[in-house]
>>> print(open('coords21.txt').read())   # compact mmCIF, C-alpha atoms and all ligand atoms
# COMPACT_ATOMS: atom_id res chain seq x y z
CA MET A 1 -76.23 52.69 -47.52
CA THR A 2 -75.43 53.97 -51.02
CA THR A 3 -76.15 57.36 -52.58
CA ASP A 4 -79.48 56.15 -54.01
CA GLY A 5 -80.66 55.44 -50.45
CA LYS A 6 -80.78 51.68 -51.00
CA LYS A 7 -79.08 49.31 -48.62
CA THR A 8 -76.48 46.84 -49.88
CA ILE A 9 -76.52 43.07 -50.08
CA LEU A 10 -73.68 40.69 -50.75
CA SER A 11 -73.77 36.92 -50.90
CA GLY A 12 -72.00 34.06 -52.61
CA ILE A 13 -71.89 30.32 -53.15
CA LYS A 14 -68.81 28.23 -53.73
CA PRO A 15 -68.67 26.24 -56.96
CA THR A 16 -67.77 22.96 -55.23
CA GLY A 17 -70.50 20.99 -57.02
CA ASN A 18 -74.05 21.22 -58.28
CA LEU A 19 -76.32 23.72 -56.62
CA ASN A 20 -79.09 21.88 -54.77
CA ILE A 21 -82.47 22.87 -53.36
CA GLY A 22 -80.82 23.48 -49.95
CA GLY A 23 -78.80 26.37 -51.37
CA TYR A 24 -81.73 27.49 -53.50
CA LEU A 25 -84.39 27.56 -50.76
CA GLY A 26 -81.92 28.68 -48.08
CA ALA A 27 -80.25 31.47 -50.04
CA VAL A 28 -80.84 32.10 -53.76
CA LYS A 29 -84.64 32.32 -53.52
CA ASN A 30 -84.20 35.21 -51.07
CA TRP A 31 -81.71 36.87 -53.39
CA VAL A 32 -84.37 36.94 -56.09
CA GLU A 33 -86.93 38.40 -53.71
CA LEU A 34 -84.60 41.12 -52.42
CA GLN A 35 -83.15 42.30 -55.72
CA ASN A 36 -85.55 45.20 -56.25
CA GLU A 37 -85.16 46.78 -52.84
CA TYR A 38 -81.38 46.55 -52.44
CA ASN A 39 -78.15 47.15 -54.30
CA CYS A 40 -76.99 43.58 -54.67
CA PHE A 41 -73.61 42.01 -55.26
CA TYR A 42 -73.64 38.25 -55.86
CA CYS A 43 -70.38 36.42 -56.38
CA ILE A 44 -69.26 32.93 -57.23
CA ALA A 45 -66.96 32.18 -54.29
CA ASP A 46 -64.40 30.37 -56.44
CA LEU A 47 -61.42 31.16 -54.15
CA HIS A 48 -63.31 29.49 -51.29
CA ALA A 49 -63.68 26.37 -53.44
CA LEU A 50 -59.88 25.96 -53.41
CA THR A 51 -60.07 24.86 -49.78
CA ILE A 52 -60.99 21.40 -51.06
CA ARG A 53 -59.10 19.42 -53.72
CA ILE A 54 -61.04 19.78 -56.90
CA ASP A 55 -60.12 18.93 -60.47
CA PRO A 56 -59.29 22.24 -62.26
CA SER A 57 -61.48 21.56 -65.28
CA MET A 58 -64.36 20.57 -62.97
CA LEU A 59 -63.94 23.75 -60.95
CA ARG A 60 -64.06 25.89 -64.10
CA LYS A 61 -67.13 24.02 -65.34
CA ASN A 62 -68.91 24.22 -61.97
CA ALA A 63 -68.17 27.92 -61.68
CA LEU A 64 -69.58 28.79 -65.09
CA GLU A 65 -72.61 26.56 -64.55
CA LEU A 66 -73.30 28.14 -61.18
CA PHE A 67 -73.02 31.58 -62.75
CA ALA A 68 -75.61 30.62 -65.38
CA LEU A 69 -77.80 29.13 -62.64
CA TYR A 70 -77.81 32.38 -60.67
CA ILE A 71 -79.36 34.08 -63.69
CA ALA A 72 -81.66 31.14 -64.48
CA CYS A 73 -83.00 31.31 -60.90
CA GLY A 74 -84.09 34.88 -61.57
CA ILE A 75 -81.15 37.07 -60.56
CA ASP A 76 -81.34 39.79 -63.19
CA PRO A 77 -77.84 40.81 -64.38
CA GLU A 78 -79.19 44.26 -65.26
CA LYS A 79 -80.26 44.91 -61.67
CA ASN A 80 -77.53 43.06 -59.75
CA ILE A 81 -73.77 42.91 -59.90
CA LEU A 82 -72.77 39.32 -60.67
CA PHE A 83 -69.11 38.33 -60.68
CA PHE A 84 -66.43 35.81 -59.85
CA GLN A 85 -64.68 36.45 -56.54
CA SER A 86 -61.26 35.68 -58.10
CA HIS A 87 -61.77 38.44 -60.71
CA VAL A 88 -61.71 41.11 -58.03
CA SER A 89 -58.27 40.89 -56.43
CA GLN A 90 -59.31 43.18 -53.57
CA HIS A 91 -60.99 40.15 -51.92
CA SER A 92 -57.64 38.42 -51.38
CA GLU A 93 -55.92 41.67 -50.47
CA LEU A 94 -58.42 42.67 -47.78
CA SER A 95 -58.49 39.10 -46.54
CA TRP A 96 -54.78 39.32 -45.62
CA VAL A 97 -55.27 42.55 -43.68
CA LEU A 98 -58.26 41.05 -41.84
CA ASP A 99 -56.24 37.91 -41.05
CA CYS A 100 -54.13 40.20 -38.87
CA TYR A 101 -57.25 41.30 -36.96
CA THR A 102 -58.66 37.80 -36.44
CA MET A 103 -57.69 35.61 -33.52
CA PHE A 104 -56.54 32.02 -33.79
CA GLY A 105 -58.91 31.08 -30.95
CA GLU A 106 -62.01 32.45 -32.60
CA LEU A 107 -61.27 30.68 -35.89
CA SER A 108 -60.72 27.43 -33.96
CA ARG A 109 -64.29 27.62 -32.69
CA MET A 110 -65.93 27.68 -36.14
CA THR A 111 -68.22 24.67 -36.52
CA GLN A 112 -67.77 24.49 -40.29
CA PHE A 113 -63.99 24.29 -39.82
CA LYS A 114 -64.39 21.56 -37.20
CA ASP A 115 -66.85 19.59 -39.37
CA LYS A 116 -64.87 19.89 -42.58
CA SER A 117 -61.54 19.07 -40.96
CA ALA A 118 -63.03 16.04 -39.21
CA LYS A 119 -64.49 14.82 -42.54
CA ASN A 120 -61.25 15.29 -44.46
CA THR A 121 -58.34 14.66 -42.12
CA GLN A 122 -55.92 14.41 -45.08
CA ASN A 123 -56.33 18.04 -46.07
CA VAL A 124 -56.79 20.33 -43.08
CA ASN A 125 -55.18 23.27 -44.89
CA ALA A 126 -54.68 26.84 -43.67
CA GLY A 127 -57.23 28.07 -46.22
CA LEU A 128 -59.92 25.98 -44.56
CA PHE A 129 -58.98 27.59 -41.27
CA THR A 130 -58.98 31.20 -42.53
CA TYR A 131 -62.01 30.64 -44.78
CA PRO A 132 -64.28 32.88 -42.62
CA VAL A 133 -61.80 35.76 -42.98
CA LEU A 134 -62.01 35.66 -46.77
CA MET A 135 -65.77 35.54 -46.41
CA ALA A 136 -65.62 38.58 -44.12
CA ALA A 137 -63.53 40.38 -46.76
CA ASP A 138 -66.18 39.51 -49.42
CA ILE A 139 -68.84 41.14 -47.30
CA LEU A 140 -66.99 44.11 -45.82
CA LEU A 141 -65.49 45.29 -49.14
CA TYR A 142 -68.98 46.23 -50.31
CA GLN A 143 -70.13 47.65 -46.96
CA ALA A 144 -72.99 45.15 -47.09
CA ASP A 145 -75.89 45.71 -44.69
CA LEU A 146 -77.49 42.34 -45.29
CA VAL A 147 -76.17 38.88 -46.19
CA PRO A 148 -78.83 36.38 -47.30
CA VAL A 149 -77.58 32.89 -46.41
CA GLY A 150 -78.74 29.60 -44.94
CA GLU A 151 -78.67 28.95 -41.19
CA ASP A 152 -75.28 27.17 -41.35
CA GLN A 153 -73.56 30.46 -42.24
CA ARG A 154 -74.79 32.44 -39.22
CA GLN A 155 -71.66 31.75 -37.23
CA HIS A 156 -69.54 33.09 -40.11
CA LEU A 157 -71.61 36.27 -40.07
CA GLU A 158 -71.01 36.61 -36.34
CA ILE A 159 -67.25 36.39 -36.75
CA CYS A 160 -67.43 38.84 -39.66
CA ARG A 161 -69.13 41.35 -37.38
CA ASP A 162 -66.56 40.70 -34.64
CA ILE A 163 -63.67 41.31 -37.04
CA ALA A 164 -65.31 44.48 -38.40
CA SER A 165 -66.04 45.84 -34.89
CA ARG A 166 -62.49 45.13 -33.77
CA PHE A 167 -61.11 46.98 -36.79
CA ASN A 168 -63.56 49.89 -36.37
CA SER A 169 -62.70 50.23 -32.70
CA VAL A 170 -59.08 50.93 -33.65
CA TYR A 171 -59.50 52.97 -36.84
CA GLY A 172 -62.98 54.55 -36.71
CA GLU A 173 -66.08 53.63 -38.70
CA VAL A 174 -64.46 51.92 -41.69
CA PHE A 175 -66.82 48.95 -42.09
CA THR A 176 -70.60 48.57 -42.01
CA LEU A 177 -71.64 45.79 -39.64
CA PRO A 178 -73.66 43.28 -41.69
CA GLU A 179 -76.68 41.24 -40.60
CA ALA A 180 -77.46 37.68 -41.67
CA TYR A 181 -80.78 37.24 -43.45
CA THR A 182 -82.24 33.74 -43.42
CA PRO A 183 -85.64 32.59 -44.68
CA LYS A 184 -88.42 31.79 -42.19
CA VAL A 185 -88.88 28.37 -43.78
CA GLY A 186 -86.05 26.59 -45.59
CA ALA A 187 -83.00 27.95 -43.76
CA ARG A 188 -81.85 24.41 -42.99
CA ILE A 189 -82.93 21.81 -45.52
CA LYS A 190 -81.86 18.29 -44.57
CA SER A 191 -80.62 15.38 -46.66
CA LEU A 192 -83.46 13.15 -47.93
CA THR A 193 -81.58 10.02 -46.89
CA SER A 194 -79.97 11.25 -43.62
CA PRO A 195 -82.51 13.81 -42.40
CA THR A 196 -80.48 14.83 -39.36
CA GLN A 197 -77.73 16.13 -41.68
CA LYS A 198 -77.73 19.25 -43.85
CA MET A 199 -78.45 18.71 -47.55
CA SER A 200 -75.05 19.52 -48.97
CA LYS A 201 -73.22 19.71 -52.30
CA SER A 202 -70.44 17.57 -50.92
CA ASP A 203 -72.73 14.77 -49.72
CA ASP A 204 -71.49 11.44 -51.09
CA ASP A 205 -75.01 10.01 -51.22
CA GLU A 206 -76.59 11.31 -54.43
CA ASN A 207 -80.06 10.28 -53.30
CA GLY A 208 -79.88 12.67 -50.36
CA THR A 209 -79.73 15.83 -52.47
CA ILE A 210 -81.95 17.29 -55.17
CA ASN A 211 -79.82 19.22 -57.62
CA LEU A 212 -81.35 22.13 -59.46
CA LEU A 213 -80.57 20.40 -62.75
CA ASP A 214 -82.10 17.01 -61.82
CA ASN A 215 -84.83 16.01 -64.28
CA LYS A 216 -88.38 15.29 -63.16
CA ASP A 217 -87.98 11.49 -63.03
CA THR A 218 -84.86 11.79 -60.88
CA VAL A 219 -86.55 14.25 -58.53
CA ILE A 220 -89.59 11.99 -58.07
CA ARG A 221 -87.42 8.89 -57.63
CA LYS A 222 -85.32 10.58 -54.93
CA PHE A 223 -88.41 11.80 -53.05
CA LYS A 224 -89.97 8.33 -53.22
CA LYS A 225 -86.82 6.97 -51.54
CA ALA A 226 -86.74 9.69 -48.87
CA VAL A 227 -86.28 8.33 -45.35
CA THR A 228 -89.38 8.79 -43.13
CA ASP A 229 -90.72 6.89 -40.09
CA SER A 230 -93.24 4.18 -39.35
CA GLN A 231 -96.07 6.39 -38.07
CA ALA A 232 -97.66 7.23 -41.46
CA CYS A 233 -98.91 10.59 -40.17
CA VAL A 234 -98.01 13.84 -41.93
CA LYS A 235 -97.48 15.97 -38.85
CA PHE A 236 -94.52 18.17 -37.92
CA SER A 237 -93.24 16.90 -34.58
CA GLU A 238 -90.16 16.11 -32.53
CA GLY A 239 -88.20 13.09 -33.68
CA LYS A 240 -89.83 12.86 -37.13
CA ASP A 241 -86.81 14.34 -38.94
CA GLY A 242 -87.62 12.89 -42.36
CA ILE A 243 -91.25 14.04 -42.42
CA ASN A 244 -90.36 17.40 -40.86
CA ASN A 245 -87.89 17.94 -43.68
CA LEU A 246 -90.43 17.05 -46.37
CA ILE A 247 -93.02 19.37 -44.79
CA THR A 248 -90.40 22.14 -44.68
CA ILE A 249 -89.49 21.64 -48.33
CA TYR A 250 -93.15 21.55 -49.41
CA SER A 251 -93.87 24.68 -47.38
CA ALA A 252 -90.86 26.58 -48.75
CA VAL A 253 -91.80 25.64 -52.32
CA THR A 254 -95.55 26.28 -52.19
CA GLY A 255 -95.82 28.97 -49.49
CA LYS A 256 -98.38 26.81 -47.61
CA THR A 257 -98.14 26.83 -43.80
CA PHE A 258 -97.32 23.66 -41.84
CA THR A 259 -100.92 23.50 -40.56
CA GLU A 260 -102.34 23.79 -44.08
CA ILE A 261 -100.05 20.97 -45.18
CA GLU A 262 -101.02 18.76 -42.21
CA ASN A 263 -104.71 19.33 -43.00
CA GLU A 264 -104.20 18.66 -46.71
CA PHE A 265 -102.61 15.28 -45.95
CA SER A 266 -104.63 14.26 -42.94
CA GLY A 267 -105.54 10.58 -43.27
CA ARG A 268 -103.38 10.16 -46.40
CA GLY A 269 -100.23 8.04 -46.54
CA TYR A 270 -96.57 8.98 -46.85
CA GLY A 271 -96.41 7.60 -50.43
CA GLU A 272 -98.91 10.16 -51.65
CA PHE A 273 -97.23 12.96 -49.69
CA LYS A 274 -93.77 12.17 -51.04
CA LEU A 275 -95.09 12.14 -54.60
CA THR A 276 -96.83 15.51 -54.14
CA VAL A 277 -93.67 17.09 -52.70
CA GLY A 278 -91.61 15.61 -55.54
CA GLU A 279 -93.97 17.02 -58.15
CA ALA A 280 -94.03 20.46 -56.53
CA VAL A 281 -90.22 20.55 -56.51
CA ALA A 282 -89.99 19.34 -60.13
CA ASP A 283 -92.49 22.05 -61.19
CA MET A 284 -90.43 24.68 -59.39
CA LEU A 285 -87.24 23.50 -61.15
CA SER A 286 -88.62 23.15 -64.65
CA PRO A 287 -88.60 26.88 -65.67
CA ILE A 288 -85.15 27.31 -64.07
CA GLN A 289 -83.81 24.41 -66.15
CA GLU A 290 -85.33 25.79 -69.36
CA LYS A 291 -83.71 29.16 -68.83
CA TYR A 292 -80.42 27.53 -67.80
CA LYS A 293 -80.20 25.60 -71.10
CA THR A 294 -80.37 28.79 -73.13
CA LEU A 295 -77.90 30.65 -70.92
CA ILE A 296 -75.22 27.96 -70.79
CA SER A 297 -75.23 27.61 -74.58
CA ASP A 298 -74.14 31.24 -75.00
CA LYS A 299 -70.75 31.45 -73.31
CA ALA A 300 -69.90 34.78 -74.95
CA GLN A 301 -72.94 36.42 -73.40
CA LEU A 302 -72.09 34.97 -69.97
CA GLU A 303 -68.56 36.29 -70.32
CA LYS A 304 -69.88 39.75 -71.11
CA ILE A 305 -72.00 39.67 -67.96
CA TYR A 306 -69.25 38.51 -65.61
CA ARG A 307 -66.63 40.88 -67.02
CA ASN A 308 -69.01 43.77 -66.63
CA GLY A 309 -69.92 42.61 -63.11
CA ALA A 310 -66.26 42.39 -62.05
CA ASP A 311 -65.56 45.89 -63.41
CA LYS A 312 -68.36 47.33 -61.29
CA ALA A 313 -67.49 45.26 -58.22
CA ARG A 314 -63.83 46.29 -58.46
CA TYR A 315 -64.77 49.96 -58.37
CA THR A 316 -66.62 49.62 -55.05
CA ALA A 317 -64.13 47.13 -53.60
CA ASN A 318 -61.23 49.41 -54.37
CA LYS A 319 -62.74 52.31 -52.48
CA THR A 320 -62.92 50.22 -49.30
CA LEU A 321 -59.51 48.61 -49.74
CA SER A 322 -57.79 51.98 -50.33
CA LYS A 323 -59.35 53.32 -47.17
CA VAL A 324 -58.24 50.26 -45.19
CA TYR A 325 -54.67 50.48 -46.50
CA ARG A 326 -54.57 54.17 -45.58
CA LYS A 327 -55.99 53.59 -42.11
CA VAL A 328 -53.52 50.86 -41.19
CA GLY A 329 -50.59 52.99 -42.37
CA LEU A 330 -49.45 51.58 -45.70
CA VAL A 331 -47.76 54.10 -48.00
CA SER A 332 -50.18 54.98 -50.79
CA ARG A 333 -49.28 53.64 -54.24
P1 LIG A 401 -70.43 22.29 -49.42
O1 LIG A 401 -71.11 20.98 -49.24
O2 LIG A 401 -69.41 22.32 -50.52
O3 LIG A 401 -69.90 22.88 -48.14
P2 LIG A 401 -73.01 23.55 -49.48
O4 LIG A 401 -73.94 22.60 -50.15
O5 LIG A 401 -73.09 23.65 -48.01
O6 LIG A 401 -71.52 23.31 -49.96
P3 LIG A 401 -72.62 26.31 -49.95
O7 LIG A 401 -71.93 26.78 -51.17
O8 LIG A 401 -71.77 26.23 -48.73
O9 LIG A 401 -73.31 24.93 -50.17
O10 LIG A 401 -73.87 27.23 -49.59
C1 LIG A 401 -74.48 28.11 -50.43
C2 LIG A 401 -75.56 28.84 -49.69
O11 LIG A 401 -76.67 27.99 -49.50
C3 LIG A 401 -75.18 29.33 -48.29
O12 LIG A 401 -75.85 30.55 -48.04
C4 LIG A 401 -75.71 28.26 -47.39
O13 LIG A 401 -76.03 28.74 -46.11
C5 LIG A 401 -76.97 27.84 -48.13
N1 LIG A 401 -77.27 26.42 -47.92
C6 LIG A 401 -76.48 25.38 -48.28
N2 LIG A 401 -77.05 24.21 -47.92
C7 LIG A 401 -78.22 24.54 -47.34
C8 LIG A 401 -79.28 23.76 -46.77
N3 LIG A 401 -79.21 22.46 -46.72
N4 LIG A 401 -80.36 24.42 -46.27
C9 LIG A 401 -80.43 25.76 -46.33
N5 LIG A 401 -79.48 26.54 -46.85
C10 LIG A 401 -78.38 25.95 -47.34
N1 LIG A 402 -68.96 30.56 -46.99
C1 LIG A 402 -70.19 30.47 -47.71
C2 LIG A 402 -70.06 30.93 -49.14
C3 LIG A 402 -69.63 32.36 -49.18
C4 LIG A 402 -70.40 33.49 -48.79
C5 LIG A 402 -69.56 34.61 -48.99
C6 LIG A 402 -71.71 33.65 -48.31
C7 LIG A 402 -68.40 32.82 -49.56
N2 LIG A 402 -68.37 34.16 -49.45
C8 LIG A 402 -70.00 35.89 -48.69
C9 LIG A 402 -72.12 34.94 -48.02
C10 LIG A 402 -71.28 36.04 -48.19
C11 LIG A 402 -70.64 29.01 -47.65
O1 LIG A 402 -69.90 28.17 -47.31
N3 LIG A 402 -71.82 28.76 -47.99
>>> encode(input="coords21.txt", output="structure tokens")
Amino acid sequence: MTTDGKKTILSGIKPTGNLNIGGYLGAVKNWVELQNEYNCFYCIADLHALTIRIDPSMLRKNALELFALYIACGIDPEKNILFFQSHVSQHSELSWVLDCYTMFGELSRMTQFKDKSAKNTQNVNAGLFTYPVLMAADILLYQADLVPVGEDQRQHLEICRDIASRFNSVYGEVFTLPEAYTPKVGARIKSLTSPTQKMSKSDDDENGTINLLDNKDTVIRKFKKAVTDSQACVKFSEGKDGINNLITIYSAVTGKTFTEIENEFSGRGYGEFKLTVGEAVADMLSPIQEKYKTLISDKAQLEKIYRNGADKARYTANKTLSKVYRKVGLVSR
């Protein structure tokens, strides 16, 4: 809780590729909704992106584009603190201290680590392993109460709380214990082509993901190709992963309940349903894309925003880091 009585939020996304509707419906949409009630810090988790091999010029481009997208999605830079994680060195510094309060065994149990290391056996680096500790540092530096993320990040929030509790039990109440905040609908959007898998930036199949910058024709084409089943009945039920995913997306975009959607499409075919979902998604993306075009063309303005954001973030982060250094017994500088 800050002096103005508002609670604090922190969240971030790594610039590993184009933001897709999974990240938007699972996380960013909630950020927009929460920005008036909370003090919010939103970072581009660029240090986390280094856990995979990524071309340096691509990383820089992705990071700047993602920053512009945050604002285009409706995150107001006047109301929120927007910054690059790498611009606030306290993230890396706290991460090291927290490494020393995190157990090898608990990191070994992280599903994201297991998934990512199984997918890329050539590059199971130490950063991938300690990734949740850096994420814990991101959150704990700002004494965040709430962390709006998709369902896949819940386990990382659990370990963050465990690390914070362990530290607090030795040194007193240094860290606020954060809660995950996931949307009721849209916390786990699936790939359009493999609907048992999460829609993900790093998916090799382009048709499985809808990127926020995809144009209307592309969006419609991808939805038309979406994998469904042979029942031709728009009903949310066990085993119908493809249709369940489309109903979820349509519900998250329009605010309609599953029952309303089932009634709307009762007796109508999958073709019509897919087209309607595609159009609803394209309509949602269109104003974001318009705003994005203006923002990305003014790099100087973006720079002003992220420099200002980092200055403010650094101030808060430094307060926590200084306290941590003092508590663990480092000689003050
Ligand atoms: P990568 O494929 O590189 O691991 P990603 O697509 O999973 O990336 P992240 O940067 O890890 O995207 O996630 C950004 C935010 O969006 C996180 O809060 C995450 O929980 C959420 N998110 C990502 N994908 C989805 C999804 N398919 N459904 C709901 N939320 C999602
Ligand atoms: N690990 C997250 C991205 C992330 C994050 C954070 C989310 C980095 N730092 C802090 C919330 C809070 C991911 O893979 N999606």
>>> residues_around(input="coords21.txt", residues="segment 177-192 of chain A", least_positions_apart="5", cutoff="8 Å", atoms="all atoms listed in the file", output="ChimeraX atom specification")
/A:21-22,25-27,30,139-140,143-152,154,157,160-161,164-165,197-200,207-209,222-223,225-227,242,245,248-249,251-252
>>> residues_around(input="coords21.txt", residues="segment 122-124 of chain A", least_positions_apart="3", cutoff="9 Å", atoms="all atoms listed in the file", output="PyMOL selection string")
chain A and resi 51-53+113+116-119+127-129
>>> residues_near_ligand(input="coords21.txt", ligand="ligand LIG 402 (chain A)", cutoff="8 Å", atoms="all atoms listed in the file", output="mmCIF file with C-alpha atoms, keeping the file's coordinate frame")
data_model
loop_
_atom_site.group_PDB
_atom_site.id
_atom_site.type_symbol
_atom_site.label_atom_id
_atom_site.label_comp_id
_atom_site.auth_asym_id
_atom_site.auth_seq_id
_atom_site.Cartn_x
_atom_site.Cartn_y
_atom_site.Cartn_z
ATOM 1 C CA LEU A 10 -73.680 40.690 -50.750
ATOM 2 C CA SER A 11 -73.770 36.920 -50.900
ATOM 3 C CA GLY A 12 -72.000 34.060 -52.610
ATOM 4 C CA ILE A 13 -71.890 30.320 -53.150
ATOM 5 C CA LYS A 14 -68.810 28.230 -53.730
ATOM 6 C CA CYS A 43 -70.380 36.420 -56.380
ATOM 7 C CA ILE A 44 -69.260 32.930 -57.230
ATOM 8 C CA ALA A 45 -66.960 32.180 -54.290
ATOM 9 C CA HIS A 48 -63.310 29.490 -51.290
ATOM 10 C CA TYR A 131 -62.010 30.640 -44.780
ATOM 11 C CA PRO A 132 -64.280 32.880 -42.620
ATOM 12 C CA LEU A 134 -62.010 35.660 -46.770
ATOM 13 C CA MET A 135 -65.770 35.540 -46.410
ATOM 14 C CA ALA A 136 -65.620 38.580 -44.120
ATOM 15 C CA ASP A 138 -66.180 39.510 -49.420
ATOM 16 C CA ILE A 139 -68.840 41.140 -47.300
ATOM 17 C CA VAL A 147 -76.170 38.880 -46.190
ATOM 18 C CA PRO A 148 -78.830 36.380 -47.300
ATOM 19 C CA VAL A 149 -77.580 32.890 -46.410
ATOM 20 C CA GLY A 150 -78.740 29.600 -44.940
ATOM 21 C CA ASP A 152 -75.280 27.170 -41.350
ATOM 22 C CA GLN A 153 -73.560 30.460 -42.240
ATOM 23 C CA HIS A 156 -69.540 33.090 -40.110
#
>>> atom_distance(input="coords21.txt", atom1="atom CA of Phe84 of chain A", atom2="atom CA of Asn308 of chain A")
10.8 Å
>>> closest_residue(input="coords21.txt", among="A:Ser332, A:Ser194, A:Gln35, A:Thr176", to="ligand LIG 401 (chain A)", atoms="all atoms listed in the file")
A:Ser194
>>> build_atoms(input="coords21.txt", residues="segment 48-62 of chain A", atoms="N, CA, C and O atoms", output="PDB file, in the frame of the given file")
ATOM      1  N   HIS A  48     -62.931  30.373 -52.414  1.00  0.00           N
ATOM      2  CA  HIS A  48     -63.310  29.490 -51.290  1.00  0.00           C
ATOM      3  C   HIS A  48     -63.313  28.022 -51.707  1.00  0.00           C
ATOM      4  O   HIS A  48     -63.060  27.140 -50.889  1.00  0.00           O
ATOM      5  N   ALA A  49     -63.617  27.772 -52.977  1.00  0.00           N
ATOM      6  CA  ALA A  49     -63.680  26.370 -53.440  1.00  0.00           C
ATOM      7  C   ALA A  49     -62.304  25.717 -53.419  1.00  0.00           C
ATOM      8  O   ALA A  49     -62.197  24.484 -53.392  1.00  0.00           O
ATOM      9  N   LEU A  50     -61.234  26.525 -53.412  1.00  0.00           N
ATOM     10  CA  LEU A  50     -59.880  25.960 -53.410  1.00  0.00           C
ATOM     11  C   LEU A  50     -59.520  25.295 -52.084  1.00  0.00           C
ATOM     12  O   LEU A  50     -58.496  24.612 -51.997  1.00  0.00           O
ATOM     13  N   THR A  51     -60.352  25.483 -51.071  1.00  0.00           N
ATOM     14  CA  THR A  51     -60.070  24.860 -49.780  1.00  0.00           C
ATOM     15  C   THR A  51     -60.263  23.339 -49.831  1.00  0.00           C
ATOM     16  O   THR A  51     -59.852  22.634 -48.917  1.00  0.00           O
ATOM     17  N   ILE A  52     -60.943  22.863 -50.880  1.00  0.00           N
ATOM     18  CA  ILE A  52     -60.990  21.400 -51.060  1.00  0.00           C
ATOM     19  C   ILE A  52     -60.256  21.054 -52.356  1.00  0.00           C
ATOM     20  O   ILE A  52     -60.129  21.901 -53.243  1.00  0.00           O
ATOM     21  N   ARG A  53     -59.777  19.832 -52.477  1.00  0.00           N
ATOM     22  CA  ARG A  53     -59.100  19.420 -53.720  1.00  0.00           C
ATOM     23  C   ARG A  53     -60.171  19.190 -54.762  1.00  0.00           C
ATOM     24  O   ARG A  53     -61.089  18.397 -54.555  1.00  0.00           O
ATOM     25  N   ILE A  54     -60.030  19.896 -55.862  1.00  0.00           N
ATOM     26  CA  ILE A  54     -61.040  19.780 -56.900  1.00  0.00           C
ATOM     27  C   ILE A  54     -60.345  19.846 -58.259  1.00  0.00           C
ATOM     28  O   ILE A  54     -59.427  20.656 -58.449  1.00  0.00           O
ATOM     29  N   ASP A  55     -60.734  18.979 -59.151  1.00  0.00           N
ATOM     30  CA  ASP A  55     -60.120  18.930 -60.470  1.00  0.00           C
ATOM     31  C   ASP A  55     -60.298  20.295 -61.157  1.00  0.00           C
ATOM     32  O   ASP A  55     -61.405  20.827 -61.200  1.00  0.00           O
ATOM     33  N   PRO A  56     -59.185  20.882 -61.689  1.00  0.00           N
ATOM     34  CA  PRO A  56     -59.290  22.240 -62.260  1.00  0.00           C
ATOM     35  C   PRO A  56     -60.357  22.398 -63.337  1.00  0.00           C
ATOM     36  O   PRO A  56     -61.085  23.394 -63.358  1.00  0.00           O
ATOM     37  N   SER A  57     -60.473  21.398 -64.215  1.00  0.00           N
ATOM     38  CA  SER A  57     -61.480  21.560 -65.280  1.00  0.00           C
ATOM     39  C   SER A  57     -62.899  21.470 -64.700  1.00  0.00           C
ATOM     40  O   SER A  57     -63.819  22.124 -65.188  1.00  0.00           O
ATOM     41  N   MET A  58     -63.046  20.665 -63.641  1.00  0.00           N
ATOM     42  CA  MET A  58     -64.360  20.570 -62.970  1.00  0.00           C
ATOM     43  C   MET A  58     -64.711  21.899 -62.300  1.00  0.00           C
ATOM     44  O   MET A  58     -65.847  22.370 -62.356  1.00  0.00           O
ATOM     45  N   LEU A  59     -63.702  22.488 -61.655  1.00  0.00           N
ATOM     46  CA  LEU A  59     -63.940  23.750 -60.950  1.00  0.00           C
ATOM     47  C   LEU A  59     -64.408  24.820 -61.939  1.00  0.00           C
ATOM     48  O   LEU A  59     -65.389  25.531 -61.708  1.00  0.00           O
ATOM     49  N   ARG A  60     -63.711  24.889 -63.078  1.00  0.00           N
ATOM     50  CA  ARG A  60     -64.060  25.890 -64.100  1.00  0.00           C
ATOM     51  C   ARG A  60     -65.476  25.648 -64.608  1.00  0.00           C
ATOM     52  O   ARG A  60     -66.266  26.576 -64.776  1.00  0.00           O
ATOM     53  N   LYS A  61     -65.798  24.374 -64.819  1.00  0.00           N
ATOM     54  CA  LYS A  61     -67.130  24.020 -65.340  1.00  0.00           C
ATOM     55  C   LYS A  61     -68.205  24.367 -64.291  1.00  0.00           C
ATOM     56  O   LYS A  61     -69.206  25.017 -64.600  1.00  0.00           O
ATOM     57  N   ASN A  62     -67.956  23.928 -63.062  1.00  0.00           N
ATOM     58  CA  ASN A  62     -68.910  24.220 -61.970  1.00  0.00           C
ATOM     59  C   ASN A  62     -69.167  25.708 -61.833  1.00  0.00           C
ATOM     60  O   ASN A  62     -70.294  26.141 -61.611  1.00  0.00           O
TER      61      ASN A  62
END
